[in-house]
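Taking it in order: structure first as structure tokens, then the write-up.
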Amino acid sequence: MEAIILQILNGLDKGSAYALIALGLTLIFGTLGVVNFAHGALFMIGAFCAVTLQRILSLSYEVVDDTRTDFLGNPLKVDVPYVNGWFGPEMGQTIIEWSVPLAILFAIPVMMFVGYAMERGLIKHFYKRPHADQILVTFGLAIVLQEVIKAFYGANPIPTPAPPAFTGSFDFGALIGFDPNQIIYPYWRLIYFTFAAFVITAVFAFLQFTTFGMVVRAGMADRETVGLLGIDIDKRFTMMFAIAAVVAGLAGVMYTPINSPNYHMGMDFLVLSFVVVVVGGMGSLPGAVLAGFVLGILESFASMAEVIDIIPGINQIIIYLVAIIILLTRPRGLMGRRGVMED
Amino acid sequence: MSKSNFTRRGVLKTSVLAGGALAVPTIFDGSVWADGHTGFTNAPEGGTVTLGFNVPQSGPYADEGADELRAYELAVEHLNGGGDGGMLNTFTSKTLDGTGINGKKVEYVTGDTQTKSDAARASARSMIEKDGAIMITGGSSSGVAVAVQALCQEAGVIFMAGLTHSNDTTGKDRKANGFRHFFNSYMSGAALAPVLAANYGTDRKAYHLTADYNWGYTTEEAVRSSTEAMGWETVNAVKTPLTQTDFSSYIAPVLQSGADTLILNHYGGNMVNSLTNAVQFGLRDKQVNGKDFQIVVPLYSRLMAKGAGANVKGIFGSTNWHWSLTDEGSKAFVKSFGTKYGFPPSQAAHTCYVQTLLYADAVNRAGSFNPCAVVEALEGYEFDGLGNGPTLYRADDHQCFKDVLVVKGKENPTSEFDLLEIVEITPRAQVEYAPDHPQMGGAAATLGTCNPGA
């Protein structure tokens with residue numbers, strides 16, 4: 001029982017990341033009809049927003065410490081962050097330690113701009129082209145973006161820890177009556193899940209309860225008719241692309257304490273996120289979220305030693321296996337609509 | 001219709017010659033090869049010789065590959081008489097005098113392995129066939145090393161392995177044309193086990209997470225057998241996909257298993273992520289079986305440890321070499337490399353630099369670039385002054401035997417390079433094993449015969 005609860009918890013945070021990326025993918029596909037293989041790169045750029053802010057906050061000047069030597073035997077040059085000088089060592093350190101939460105504020109405008117530039121600069125030229133062309137160009141863009149990030153930040157993962165207040169884990173099992181140490185869960189993963197739930201709710205509320213959202217939904221259902229009503233639907237869809245970029249970017253920012261970001265992290269999530277979108281149903285926002293969590297939890301279960309002992313290698317194929325089964329039984333995915341990607 | 005060339009007189013002559021050859025003492029004498037400047041793959045013509053540096057220049061190990069390339073460039077500079085000479089000044093062999101290799105100026109070409117076996121073989125093949133490389137060297141992946149080593153064997157060139165830690169490289173997949181200076185999984189296990197016993201006791205329950213590929217298997221096997229031999233129990237060993245990024249679903253069940261020690265047989269990004277996840281789950285803050293929970297990383301790399309940040313503090317592992325060593329060879333290399341590039345070299349850089357010097361020295365001693373002459377010069381060769389103390393290139397498997405470092409994540413690093421501290425220098429005798437050891441492929445593993453190609 002403990003193992004089951006534990007894997008459900010693990011699946012929730014993994015599913016959160018899948019759901020956030022798949023949500024953005026579905027938004028773009030539903031509005032613009034574009035299959036965006038560069039969406040994983042947006043997740044990665046978001047993560048590197050956190051890295052960049054951490055580096056900006058850590059900008060330092062050198063102080064020579066004559067009492068110690070460096071690896072060549074010269075007096076050691078110690079880096080002192082400017083924020084320590086401006087706010088005092090303790091406050092300066094705290095600011096640096098909180099760089100990941102602060103990066104949310106930094107990432108929103110950056111991702112808006114990146115999303116807007118990507119859509120206006122490249123993707124709009126491919127609206128009327130076949131999906132295969134869209135996949136090729138966005139996949140190429142993803143590779144370019146990750147190589148640019150690698151050129152600036154290197155290939156190695158970069159540690160981006162959570163604030164000390166949120167490091168460590170709590171004993172969830174003890175809370176619900178199990179023995180101590182049986183079900184432990186890191187604080188930051190709980191925060192990630194909560195954050196994802198908040199963002200998903202905000203996106204749905206935005207689409208459901210605002211005039212802008214209503215127009216977008218109408219455009220998703222019948223773009224031509226909305227256009228005939230004199231509404232500039234293209235502009236709104238461009239905004240939705242930017243919003244989808246922000247969602248992916250924020251998912252990336254908050255993911256950095258879970259796994260140290262590297263230039264390849266977008267690709268790691270991209271393929272699985274596409275499976276999530278297809279399983280959820282192309283164009284279905286609730287389907288993307290549902291499939292994200294379902295597949296995240298199933299992936300966690302498949303990683304249990306007991307399961308691997310029975311079916312070796314199941315941990316590596318579970319998502320694809322489930323995708324095949326779901327698509328065989330429900331060809332439009334869990335919540336897919338008739339007519340989407342069926343022409 | 002076929003006609004035999006065998007005659008009674010011919011057979012007698014050949015027998016006498018063969019008998020005479022066998023009667024000569026098997027002490028290596030380079031003059032045997034002195035005239036052998038043709039008849040092998042890419043025999044150098046003119047005043048230059050080309051070496052092929054095959055390292056990951058793209059992909060997840062690109063930073064390590066870049067450091068290896070820096071070391072190779074430094075080695076070439078020193079071989080050609082540039083810079084301060086680095087380890088040429090401390091190497092016990094004195095054949096390297098800054099005039100290149102065997103009097104020929106050293107040039108080099110580079111290839112990108114992408115840390116993929118097929119890409120690595122393609123780039124090595126290109127360097128051999130198009131660029132005329134006489135020797136291929138490089139590393140960062142055991143899968144790649146084994147693949148490229150086999151290619152070099154077929155092509156008739158020497159392969160001087162860079163960073164490759166799997167037992168298989170000089171174990172079941174050993175080749176006559178291949179040589180490894182880097183240590184291996186067996187040595188890591190043999191060096192780590194006594195230190196772990198001394199620090200954590202002999203009554204421990206270990207849980208292994210193992211990268212699901214060649215290197216992971218041999219490392220798990222080596223560490224398991226070494227720790228079990230001193231009394232530890234292995235409660236579980238779970239394979240994790242190489243592409244895994246989030247290890248939470250593998251780490252969460254560790255405490256439920258009753259284990260009090262987690263051994264991460266992971267390298268590179270896998271190691272960074274699994275260690276980060278394990279620390280996030282608070283494993284190191286727990287007490288199990290009345291003991292503090294511990295994590296062990298059998299193979300440490302400073303470049304990779306940097307990615308895990310503060311999570312490496314206090315965690316034991318092993319390494320082939322570290323820039324903080326104080327022997328004359330290490331100091332000379334750190335000074336050369338640090339002055340040129342502004343930061344200390346990694347263990348990957350060290351082994352690549354040393355391999356280049358060892359190859360050059362072997363050619364000089366043999367008096368020939370003929371691969372079989374180089375093989376003969378390296379087999380059973382003992383040397384010192386290259387940073388690892390007295391070292392033997394064992395003839396049976398072409399594996400270097402030397403001291404192994406047991407290290408620990410430093411509690412209070414003074415810089416971004418100062419992440420590991422040396423806990424013990426394990427003497428060579430403690431990490432030696434028989435050439436037909438079961439972990440090395442047993443009696444079935446053989447080098448085969450040297451192939452000069454062409």
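Scheme for the structure tokens: letters A, B, ... for chains in order shown; per-chain residue numbers from 1; ligand numbers from 1 in order shown.
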
Do you know which residues are at most 9 Å from stretch 245-257 of chain B counting only C-alpha atoms, after dropping those on the same chain fewer than 5 positions away, and could you put them as number ranges by chain? A: 2-3, 6-7, 10-11, 14, 181-185, 258-259, 265, 268, 299-305; B: 207, 209, 235-236, 238, 240, 262, 269-270, 273-275, 277-278, 281, 283, 286, 288

Write the selection just made, keeping C-alpha atoms, as a compact mmCIF listing (two decimals), in the first residue's frame?
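Generated file (again_18.txt):
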```txt
# COMPACT_ATOMS: atom_id res chain seq x y z
CA GLU A 2 2.80 2.39 0.93
CA ALA A 3 4.48 1.67 -2.40
CA LEU A 6 4.42 6.63 -3.03
CA GLN A 7 4.30 6.01 -6.76
CA ASN A 10 5.83 10.53 -7.70
CA GLY A 11 3.60 10.33 -10.72
CA LYS A 14 6.14 13.99 -13.22
CA ASN A 181 10.13 6.83 6.57
CA GLN A 182 7.80 4.70 4.45
CA ILE A 183 6.30 7.49 2.35
CA ILE A 184 8.55 10.50 2.07
CA TYR A 185 8.03 13.30 -0.39
CA ILE A 258 14.11 18.82 -9.35
CA ASN A 259 16.72 18.13 -12.02
CA MET A 265 16.13 18.69 -21.19
CA ASP A 268 13.81 14.64 -23.07
CA GLU A 299 5.44 5.61 -15.59
CA SER A 300 6.14 5.75 -11.85
CA PHE A 301 4.44 2.42 -11.25
CA ALA A 302 6.37 0.82 -14.08
CA SER A 303 9.61 1.88 -12.39
CA MET A 304 8.92 -0.20 -9.28
CA ALA A 305 11.44 -3.01 -8.82
CA TYR B 207 20.59 -0.80 -2.70
CA LEU B 209 20.68 1.82 -8.93
CA VAL B 235 19.07 -5.93 -0.81
CA ASN B 236 18.22 -4.92 -4.35
CA VAL B 238 17.56 -1.97 -10.10
CA THR B 240 17.59 2.46 -14.74
CA LEU B 262 22.34 3.70 -1.80
CA GLY B 269 23.93 13.46 -16.28
CA ASN B 270 22.52 10.25 -14.77
CA ASN B 273 20.16 13.72 -11.51
CA SER B 274 20.00 10.57 -9.39
CA LEU B 275 22.18 12.09 -6.68
CA ASN B 277 16.93 13.37 -6.46
CA ALA B 278 18.27 11.20 -3.64
CA PHE B 281 14.16 12.89 -0.93
CA LEU B 283 17.80 10.07 2.22
CA LYS B 286 17.37 9.49 7.55
CA VAL B 288 17.81 3.22 8.95
```

Would you please give, as a ChimeraX atom specification, all residues of stretch 113-271 of chain B that DSSP assigns to strand (DSSP E) based on the backbone? /B:135-138,158-161,178-180,205-211,233-240,261-265

Now that the selection is made, can you save its residues with N, CA and C atoms as an mmCIF file, in the first residue's frame?
```
data_model
loop_
_atom_site.group_PDB
_atom_site.id
_atom_site.type_symbol
_atom_site.label_atom_id
_atom_site.label_comp_id
_atom_site.auth_asym_id
_atom_site.auth_seq_id
_atom_site.Cartn_x
_atom_site.Cartn_y
_atom_site.Cartn_z
ATOM 1 N N MET B 135 47.266 6.781 -35.223
ATOM 2 C CA MET B 135 46.782 6.353 -33.908
ATOM 3 C C MET B 135 45.493 7.093 -33.603
ATOM 4 N N ILE B 136 44.527 6.376 -33.028
ATOM 5 C CA ILE B 136 43.266 6.998 -32.618
ATOM 6 C C ILE B 136 43.211 6.973 -31.100
ATOM 7 N N THR B 137 42.764 8.062 -30.504
ATOM 8 C CA THR B 137 42.621 8.117 -29.060
ATOM 9 C C THR B 137 41.418 8.978 -28.710
ATOM 10 N N GLY B 138 40.820 8.691 -27.563
ATOM 11 C CA GLY B 138 39.656 9.466 -27.140
ATOM 12 C C GLY B 138 38.798 8.658 -26.199
ATOM 13 N N ILE B 158 46.759 1.845 -33.857
ATOM 14 C CA ILE B 158 46.730 1.736 -32.403
ATOM 15 C C ILE B 158 45.579 2.562 -31.851
ATOM 16 N N PHE B 159 44.891 2.012 -30.827
ATOM 17 C CA PHE B 159 43.860 2.766 -30.118
ATOM 18 C C PHE B 159 44.333 2.980 -28.682
ATOM 19 N N MET B 160 44.528 4.232 -28.300
ATOM 20 C CA MET B 160 44.895 4.579 -26.929
ATOM 21 C C MET B 160 43.640 5.146 -26.271
ATOM 22 N N ALA B 161 42.955 4.323 -25.467
ATOM 23 C CA ALA B 161 41.658 4.716 -24.909
ATOM 24 C C ALA B 161 41.795 5.934 -24.006
ATOM 25 N N GLY B 178 44.676 -2.259 -28.774
ATOM 26 C CA GLY B 178 44.083 -1.286 -27.859
ATOM 27 C C GLY B 178 44.774 -1.245 -26.509
ATOM 28 N N PHE B 179 44.879 -0.045 -25.920
ATOM 29 C CA PHE B 179 45.535 0.139 -24.620
ATOM 30 C C PHE B 179 44.733 1.121 -23.767
ATOM 31 N N ARG B 180 44.619 0.790 -22.475
ATOM 32 C CA ARG B 180 43.896 1.697 -21.573
ATOM 33 C C ARG B 180 44.765 2.093 -20.379
ATOM 34 N N LYS B 205 23.281 -2.645 4.519
ATOM 35 C CA LYS B 205 22.380 -3.169 3.478
ATOM 36 C C LYS B 205 22.379 -2.177 2.317
ATOM 37 N N ALA B 206 22.865 -2.644 1.181
ATOM 38 C CA ALA B 206 23.050 -1.737 0.043
ATOM 39 C C ALA B 206 21.957 -1.928 -1.010
ATOM 40 N N TYR B 207 21.586 -0.816 -1.605
ATOM 41 C CA TYR B 207 20.593 -0.804 -2.698
ATOM 42 C C TYR B 207 21.284 -0.165 -3.896
ATOM 43 N N HIS B 208 21.365 -0.892 -5.002
ATOM 44 C CA HIS B 208 22.064 -0.371 -6.189
ATOM 45 C C HIS B 208 21.077 0.176 -7.215
ATOM 46 N N LEU B 209 21.354 1.341 -7.720
ATOM 47 C CA LEU B 209 20.684 1.817 -8.935
ATOM 48 C C LEU B 209 21.749 1.835 -10.020
ATOM 49 N N THR B 210 21.466 1.162 -11.109
ATOM 50 C CA THR B 210 22.508 0.919 -12.106
ATOM 51 C C THR B 210 22.068 1.360 -13.492
ATOM 52 N N ALA B 211 22.911 2.164 -14.125
ATOM 53 C CA ALA B 211 22.625 2.584 -15.500
ATOM 54 C C ALA B 211 22.563 1.350 -16.398
ATOM 55 N N GLU B 233 25.343 -6.561 2.662
ATOM 56 C CA GLU B 233 24.309 -7.332 1.972
ATOM 57 C C GLU B 233 23.700 -6.443 0.885
ATOM 58 N N THR B 234 23.467 -7.022 -0.278
ATOM 59 C CA THR B 234 22.809 -6.263 -1.349
ATOM 60 C C THR B 234 21.334 -6.600 -1.313
ATOM 61 N N VAL B 235 20.501 -5.620 -0.935
ATOM 62 C CA VAL B 235 19.073 -5.933 -0.809
ATOM 63 C C VAL B 235 18.345 -5.823 -2.141
ATOM 64 N N ASN B 236 18.842 -5.009 -3.035
ATOM 65 C CA ASN B 236 18.216 -4.918 -4.354
ATOM 66 C C ASN B 236 19.157 -4.209 -5.324
ATOM 67 N N ALA B 237 18.995 -4.512 -6.591
ATOM 68 C CA ALA B 237 19.758 -3.821 -7.638
ATOM 69 C C ALA B 237 18.802 -3.583 -8.796
ATOM 70 N N VAL B 238 18.559 -2.320 -9.082
ATOM 71 C CA VAL B 238 17.561 -1.968 -10.096
ATOM 72 C C VAL B 238 18.246 -1.249 -11.256
ATOM 73 N N LYS B 239 17.940 -1.698 -12.459
ATOM 74 C CA LYS B 239 18.513 -1.044 -13.649
ATOM 75 C C LYS B 239 17.658 0.177 -14.011
ATOM 76 N N THR B 240 18.320 1.255 -14.346
ATOM 77 C CA THR B 240 17.594 2.460 -14.736
ATOM 78 C C THR B 240 17.940 2.814 -16.181
ATOM 79 N N THR B 261 22.080 2.048 2.638
ATOM 80 C CA THR B 261 23.095 2.641 1.765
ATOM 81 C C THR B 261 22.602 2.564 0.320
ATOM 82 N N LEU B 262 22.729 3.671 -0.384
ATOM 83 C CA LEU B 262 22.345 3.695 -1.799
ATOM 84 C C LEU B 262 23.607 3.841 -2.638
ATOM 85 N N ILE B 263 23.803 2.915 -3.565
ATOM 86 C CA ILE B 263 24.973 2.992 -4.442
ATOM 87 C C ILE B 263 24.495 3.366 -5.842
ATOM 88 N N LEU B 264 24.979 4.496 -6.330
ATOM 89 C CA LEU B 264 24.538 5.017 -7.620
ATOM 90 C C LEU B 264 25.576 4.673 -8.692
ATOM 91 N N ASN B 265 25.313 3.602 -9.409
ATOM 92 C CA ASN B 265 26.205 3.216 -10.512
ATOM 93 C C ASN B 265 25.817 4.019 -11.751
#
```

If we count only C-alpha atoms, what is near B:Leu378 at a cut-off of 7 Å, once residues fewer than 4 positions away on the same chain are taken out, given as a ChimeraX atom specification? /B:362,374,393

If you keep C-alpha atoms, can you produce a file of those selected residues as a compact mmCIF listing (two decimals), in the first residue's frame?
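Once everything was written out, this is again.txt:
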```
# COMPACT_ATOMS: atom_id res chain seq x y z
CA ALA B 362 56.57 3.77 -27.33
CA VAL B 374 54.27 -0.05 -30.60
CA TYR B 393 51.07 -1.54 -18.78
```

Spatial neighbours of stretch 130-140 of chain A, max dist 8 Å, only C-alpha atoms, sep filter under 3 positions, as a ChimeraX atom specification: /A:34-38,123,126-127,143-144

Counting only C-alpha atoms, what is within 9 Å of B:Gly317, bar same-chain residues fewer than 5 positions away, as a list in words? Ser188, Leu192, Val296, Val297, Pro298, Leu299, Tyr300, Leu405, Val406, Val407, Lys408 and Gly409 of chain B

Excluding same-chain residues fewer than 6 positions from stretch 242-254 of chain A, what lies within 7 Å of it counting only C-alpha atoms, as a PyMOL selection string? chain A and resi 17+20-21+24+27-28+42-47+49-50+100+103-104+107-108+111-112+115-116+192

In stretch 228-447 of chain B, what's alpha helix (DSSP H) per DSSP? Answer as an MDAnalysis selection string? chainID B and resid 228:229 248:256 269:280 302:308 328:341 347:366 371:378 428:431

Pick out the residues sitting within 12 Å of B:Tyr186, and hand them over as an NGL selection string; count only C-alpha atoms, and ignore anything fewer than 5 positions along from it in its own chain. :B and (165-171 or 191-193 or 215-227 or 298-299 or 318 or 399 or 401 or 404 or 430-435 or 437-440)

d(atom CA of B:Arg284, atom CA of A:Thr167) in Å: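 If I compute the distance from atom CA of B:Arg284 to atom CA of A:Thr167, I get 12.3 Å.
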